[in-house]
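Structure first, commentary second.
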Amino acid sequence: MTISTKMRSFAEKSSWIRKMFEEGAKMKAEFGADNVFDFSLGNPDVPPPPEYNKVIQEIVSEETPGMHAYMPNGGYPWVREALAGKMSKEHGIEIFHGDMLMTCGAAGALNVVMKALLNPGEEVILLAPYFVEYNFYVDNHGGVSKIVQTDSEFNLDLDAIEAALTENTKAIIINSPNNPTGQIYSQDALNQLGALLDLKGAEFKTTIYLLADEPYRKIIFDDNVVGSIFQSTKNSIVLSSYSKDLSLPGERIGYLAVHPDITDKTALLDAMTLANRILGFVNAPALMQRVVAELQDASVDNSIYVARRETFCKILADAGYDFIAPKGAFYVFPKAPIEDDVKFCAILQEEKILAVPGRGFGAPGYFRLAFCVSDSVIAGSAEAFTKAMAKAKQA
């Protein structure tokens, strides 16, 4: 066998998102792109804010000596200072540039944290529905994923989390606003979770870390507010990227920040800085570090996502789908009208709609729709969703 047994198994279980995206490419080639309604991939189509083009052109034209030299593996100190200032305001606590690292996206940040924290066999709690690749990131570094369901509205189920905590628990990953549900956890719920982790950590004579993956923090709807885990427990780490709020997913630029009073801070930051290097990331892209430093107050035009959410939710409601309107991010996560979510996604595909089965997110019986697509794709899908629902009722 050419490849490892583990990677062969992973390939078989690999992201439903990519599978559906690739299927969409085939369908577009066969039927024409205008006739396919592809909601499979969370790949933002909204352009970066206007400031982005101005800043990147100015930086590219600079001819300062050393512009392309090696840098500290944690990133340029002055870039981290700019980010620390913004985060201090967002989280209501003073964060210093030494409390953070620039990373190759949020995925890079999560792998760096897992590498630094995990001993073989230690457990990381994932809250279903969850981003599909968390499982792989935990396994990359010898950890074991432990899946805990959220409640019927995708909020934190503290009783279920408490029941899952053991002496072997090292961390829990939360994602708010959530992919795939669009749910936002309240500050009160985060505070209760932080208190629970601190209590059980003391009981088990260990430290249980609270990790927040926050790339959608600025994409929120109505009057919803994204809470701060830094207000909930000192043993907390925020990870994020500029993929969504600046619409720069292909640039792979992100960061992580630890609570200023986190346990064993110096050793932890040293371990994460080393992990950044030896995992092969080495450091975040130099050009994009310089760019995002100048764009801390910039964001994409969120009103575009607001309008799309309203249009899409109306289409789904009119067609009879059962769903909770998202509070943030750019996904809707309806219940499948039949028990088998994979089978229903096949029915949707017959109507040239590409959706991702919920089981790929640890939540069978649902399906995910990404509305970071053009208005014409959303509007044009209405009849197809209605036909799919009719077919499901006859199945």
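Within each chain, counting starts at residue 1; across the structure tokens, chains are named A, B, ... in the order shown, with ligands numbered 1 upward in that order.
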Give me, as a tab-separated table (two decimals) with C-alpha atoms, in the first residue's frame, the residues of range 154-372 of chain A that a backbone DSSP run labels alpha helix (DSSP H).
```
chain	number	residue	atom	x	y	z
A	158	LEU	CA	-23.43	22.45	29.87
A	159	ASP	CA	-24.71	19.23	31.44
A	160	ALA	CA	-23.54	17.21	28.44
A	161	ILE	CA	-20.17	18.96	28.50
A	162	GLU	CA	-19.73	18.31	32.22
A	163	ALA	CA	-20.53	14.63	31.71
A	164	ALA	CA	-17.82	14.42	29.04
A	187	GLN	CA	-21.63	35.76	27.26
A	188	ASP	CA	-23.55	34.19	30.13
A	189	ALA	CA	-23.21	30.74	28.58
A	190	LEU	CA	-19.48	31.31	27.99
A	191	ASN	CA	-19.05	32.41	31.60
A	192	GLN	CA	-20.79	29.28	32.83
A	193	LEU	CA	-18.60	27.15	30.58
A	194	GLY	CA	-15.42	28.87	31.78
A	195	ALA	CA	-16.42	28.39	35.42
A	196	LEU	CA	-17.17	24.71	34.76
A	197	LEU	CA	-13.77	24.12	33.14
A	198	ASP	CA	-11.98	25.88	35.99
A	199	LEU	CA	-13.93	23.86	38.58
A	200	LYS	CA	-13.29	20.51	36.90
A	201	GLY	CA	-9.67	21.41	36.22
A	202	ALA	CA	-9.16	22.04	39.94
A	203	GLU	CA	-10.96	18.81	40.76
A	204	PHE	CA	-8.80	16.80	38.35
A	265	LYS	CA	2.14	31.54	29.74
A	266	THR	CA	5.83	31.79	28.89
A	267	ALA	CA	6.27	28.05	28.37
A	268	LEU	CA	3.05	27.87	26.36
A	269	LEU	CA	3.95	30.75	24.04
A	270	ASP	CA	7.46	29.36	23.56
A	271	ALA	CA	5.98	25.97	22.65
A	272	MET	CA	3.53	27.49	20.18
A	273	THR	CA	6.23	29.63	18.58
A	274	LEU	CA	8.38	26.53	18.11
A	275	ALA	CA	5.37	24.59	16.78
A	276	ASN	CA	4.76	27.37	14.24
A	277	ARG	CA	8.24	26.68	12.90
A	278	ILE	CA	8.56	22.91	13.06
A	286	ALA	CA	5.24	38.67	5.53
A	287	LEU	CA	3.33	40.72	2.97
A	288	MET	CA	-0.07	39.94	4.44
A	289	GLN	CA	1.13	40.67	7.97
A	290	ARG	CA	2.00	44.19	6.84
A	291	VAL	CA	-1.34	44.55	5.08
A	292	VAL	CA	-3.62	43.45	7.93
A	293	ALA	CA	-1.73	45.66	10.38
A	302	ASN	CA	-21.76	43.09	6.09
A	303	SER	CA	-25.01	44.52	4.70
A	304	ILE	CA	-24.53	42.22	1.70
A	305	TYR	CA	-24.68	39.14	3.93
A	306	VAL	CA	-27.59	40.62	5.87
A	307	ALA	CA	-29.64	40.99	2.68
A	308	ARG	CA	-28.70	37.52	1.47
A	309	ARG	CA	-29.72	35.95	4.76
A	310	GLU	CA	-33.15	37.56	4.54
A	311	THR	CA	-33.69	36.46	0.95
A	312	PHE	CA	-32.47	32.90	1.54
A	313	CYS	CA	-34.41	32.39	4.77
A	314	LYS	CA	-37.62	33.53	3.04
A	315	ILE	CA	-37.04	31.11	0.15
A	316	LEU	CA	-36.47	28.21	2.55
A	317	ALA	CA	-39.42	29.12	4.77
A	318	ASP	CA	-41.75	29.47	1.79
A	341	ASP	CA	-29.48	13.71	5.11
A	342	VAL	CA	-27.19	12.20	2.47
A	343	LYS	CA	-30.18	10.91	0.55
A	344	PHE	CA	-31.87	14.29	0.76
A	345	CYS	CA	-28.74	16.05	-0.51
A	346	ALA	CA	-28.91	13.66	-3.47
A	347	ILE	CA	-32.50	14.81	-4.05
A	348	LEU	CA	-31.32	18.42	-3.93
A	349	GLN	CA	-28.61	17.53	-6.41
A	350	GLU	CA	-31.26	16.21	-8.82
```
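Every residue of range 39-106 of chain A found in strand (DSSP E) when DSSP is run on the backbone appears here: A:Met100, A:Leu101, A:Met102, A:Thr103.
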Can you write just those residues out, C-alpha atoms, as a PDB file, in the first residue's frame?
```pdb
ATOM      1  CA  MET A 100      -0.070  36.509  20.471  1.00  0.00           C
ATOM      2  CA  LEU A 101       1.381  34.946  17.335  1.00  0.00           C
ATOM      3  CA  MET A 102       0.635  35.583  13.673  1.00  0.00           C
ATOM      4  CA  THR A 103      -0.236  32.318  11.916  1.00  0.00           C
TER       5      THR A 103
END
```
For this session: Excluding Ile219 in chain A and residues on its chain fewer than 2 positions from it, collect all residues at most 7 Å away from it, counting only C-alpha atoms, and give them as a PyMOL selection string.
Result: chain A and resi 216-217+245+302+328-329
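Using only C-alpha atoms, the smallest distance between any of A:Phe330, A:Leu256, A:Asn135, A:Gly358 and Val373 in chain A comes from A:Phe330.
Of the residues under consideration (A:Ala379, A:Ile56, A:Ala325, A:Ile17), A:Ile17 shows the shortest atom-to-atom contact distance to Leu41 in chain A when counting only C-alpha atoms.
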Residue contacts of Ala69 in chain A (12 Å, only C-alpha atoms) excluding same-chain residues fewer than 4 positions away, as a compact mmCIF listing (two decimals) with C-alpha atoms, in the first residue's frame:
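That gives us out26.txt:
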```txt
# COMPACT_ATOMS: atom_id res chain seq x y z
CA THR A 64 12.86 49.33 2.20
CA PRO A 65 15.93 47.09 2.74
CA ASN A 73 8.62 33.20 14.08
CA TYR A 76 6.42 41.16 13.30
CA ASN A 283 5.83 32.25 10.12
CA PRO A 285 3.18 35.48 5.20
CA ALA A 286 5.24 38.67 5.53
CA LEU A 287 3.33 40.72 2.97
```
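The space separating CA of Val55 in chain A from CA of His91 in chain A comes to 26.4 Å.
Near Asp213 in chain A, within 7 Å and counting only C-alpha atoms, sit Ile174, Asn175, Leu211, Pro215, Val238, Leu239 and Ser240 of chain A; same-chain residues fewer than 2 positions away were not included.
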